[in-house]
Amino acid sequence: MAMNRAQFKKQLQDGLNTVFGLEYKQTMEVWRNYIAFETESRKAFVEDVMMAGLGAAAVKEEGGGVTYDSTSETYTARYVFETIALAFAITEEAEEDGLYGSIGKKLARALARSYKHTIALRNANLLNNGFSASYLGGDGVALFSASHPLKSGGTMSNLLTNAADLSETSLEDLATQIANTTDDRGLPIDLDIKCLVIPTALRFVAHRLLMSTQRVETPNNDTNAARDLNLVPKTVMDKRLTDTDAWFLVTDCPDGLKHIQRVAPATKIEGDFETGSMRYRVRGRSIQGWSNWRGCFATAGG
């Protein structure tokens, strides 16, 4: 149903000072700080396949045979692209009678903002839903789990062992857990922390924790090790995170959190021959997910 003049009465009369509420300050999309952006131009879906490496080399005795090892694929992460779209229509009379510029063009800017919000929310939901058994990854468990299966047998965790609020102790514990991470065959790997991702409720805690020159909330005259070691190079506050005490450490592990774009968002405008109404639409195709769970470690808070 096209919007008509009855919905824009003030913009059809003299004396209006301004129209507000459609636009706000534009900032960089926050999710781009902690989710890798990729593109795919041809396929309806793409797959990432996890390949386990080889185990440790063995000592070869003089004259003896060499030890052979073997490996295989372990799991597949599939990304099936989804279409995101929104539209509105406005009568040609409303467009003709508007005294303060095209109503359609004003709303087109709001259309773009709505699309960006949906993409940002879908990306933030990788973390919001990361503790839920309703959202499983290619290895059959949630993104944040204490039981990610390994090719060598057993499991590994990217959850803080004892759930805790953000503090000096919990940050150090999770950073140590990251430092002790291995590959699927038990070989140590080097992971560095890229950023701390937090909800708005933790912005002040994170600042004190990472920027103070000395330890926080202690009378001890010790240095702030997290700051001195540059343990967390960047803090990212995402307003679309829903748990007020959950926090996340994103690592530089390849193929971790991903946003894959199939079709870039584009706006289309067309007129209806019979009614004369103008229709505006924004549409794009993309998907979010993760392949290697080692790309993010977390806790739901205390």
# chains A, B, ... in the order shown; residues from 1 in each chain; ligands from 1
call {"tool": "closest_atom_pairs", "arguments": {"of": "range 45-131 of chain A", "to": "range 240-250 of chain A", "cutoff": "7 Å", "atoms": "only C-alpha atoms", "output": "tab-separated table"}}
result
residue	atom	partner	partner_atom	distance
A:Leu121	CA	A:Arg240	CA	6.1
A:Ala124	CA	A:Arg240	CA	6.1
A:Asn128	CA	A:Leu241	CA	6.1
call {"tool": "write_last_selection", "arguments": {"atoms": "N, CA, C and O atoms", "output": "PDB file, in the first residue's frame"}}
result
ATOM      1  N   LEU A 121      22.858  -5.997  13.099  1.00  0.00           N
ATOM      2  CA  LEU A 121      22.226  -6.853  14.096  1.00  0.00           C
ATOM      3  C   LEU A 121      22.506  -8.325  13.817  1.00  0.00           C
ATOM      4  O   LEU A 121      22.799  -9.100  14.736  1.00  0.00           O
ATOM      5  N   ALA A 124      26.039  -8.971  14.947  1.00  0.00           N
ATOM      6  CA  ALA A 124      26.141  -8.996  16.413  1.00  0.00           C
ATOM      7  C   ALA A 124      25.527 -10.269  16.973  1.00  0.00           C
ATOM      8  O   ALA A 124      25.975 -10.782  18.013  1.00  0.00           O
ATOM      9  N   ASN A 128      25.633 -12.784  20.207  1.00  0.00           N
ATOM     10  CA  ASN A 128      24.440 -12.905  21.062  1.00  0.00           C
ATOM     11  C   ASN A 128      23.963 -14.348  21.157  1.00  0.00           C
ATOM     12  O   ASN A 128      23.511 -14.795  22.221  1.00  0.00           O
TER      13      ASN A 128
END
call {"tool": "residues_around", "arguments": {"residues": "range 171-181 of chain A", "least_positions_apart": "2", "cutoff": "7 Å", "atoms": "only C-alpha atoms", "output": "PyMOL selection string"}}
result
chain A and resi 160+166-169+188-191
call {"tool": "residues_around", "arguments": {"residues": "Val282 in chain A", "least_positions_apart": "6", "cutoff": "7 Å", "atoms": "only C-alpha atoms", "output": "mmCIF file with C-alpha atoms, in the first residue's frame"}}
result
data_model
loop_
_atom_site.group_PDB
_atom_site.id
_atom_site.type_symbol
_atom_site.label_atom_id
_atom_site.label_comp_id
_atom_site.auth_asym_id
_atom_site.auth_seq_id
_atom_site.Cartn_x
_atom_site.Cartn_y
_atom_site.Cartn_z
ATOM 1 C CA ALA A 85 15.356 -6.289 1.533
ATOM 2 C CA LEU A 86 12.967 -3.479 2.456
ATOM 3 C CA ALA A 87 10.703 -1.260 0.369
ATOM 4 C CA LEU A 111 15.797 2.896 3.847
ATOM 5 C CA ALA A 112 19.581 2.625 3.633
ATOM 6 C CA PRO A 265 23.159 -3.646 -1.233
ATOM 7 C CA ALA A 266 21.588 -1.467 -3.915
ATOM 8 C CA THR A 267 18.566 0.822 -4.062
ATOM 9 C CA LYS A 268 16.064 0.570 -6.915
#
call {"tool": "residues_around", "arguments": {"residues": "Arg215 in chain A", "least_positions_apart": "2", "cutoff": "12 Å", "atoms": "only C-alpha atoms", "output": "ChimeraX atom specification"}}
result
/A:167-169,208-213,217-228
call {"tool": "closest_residue", "arguments": {"among": "A:Lys151, A:Arg78, A:Arg42, A:Arg281", "to": "Arg109 in chain A", "atoms": "only C-alpha atoms"}}
result
A:Arg281
call {"tool": "select_by_dssp", "arguments": {"residues": "range 69-202 of chain A", "states": "strand (DSSP E or B)", "output": "ChimeraX atom specification"}}
result
/A:73-80,82-90,136,142,148-149,155-156,159,182,188,193-198
call {"tool": "select_by_dssp", "arguments": {"residues": "range 129-291 of chain A", "states": "alpha helix (DSSP H)", "output": "PyMOL selection string"}}
result
chain A and resi 168-179+203-211+225-228
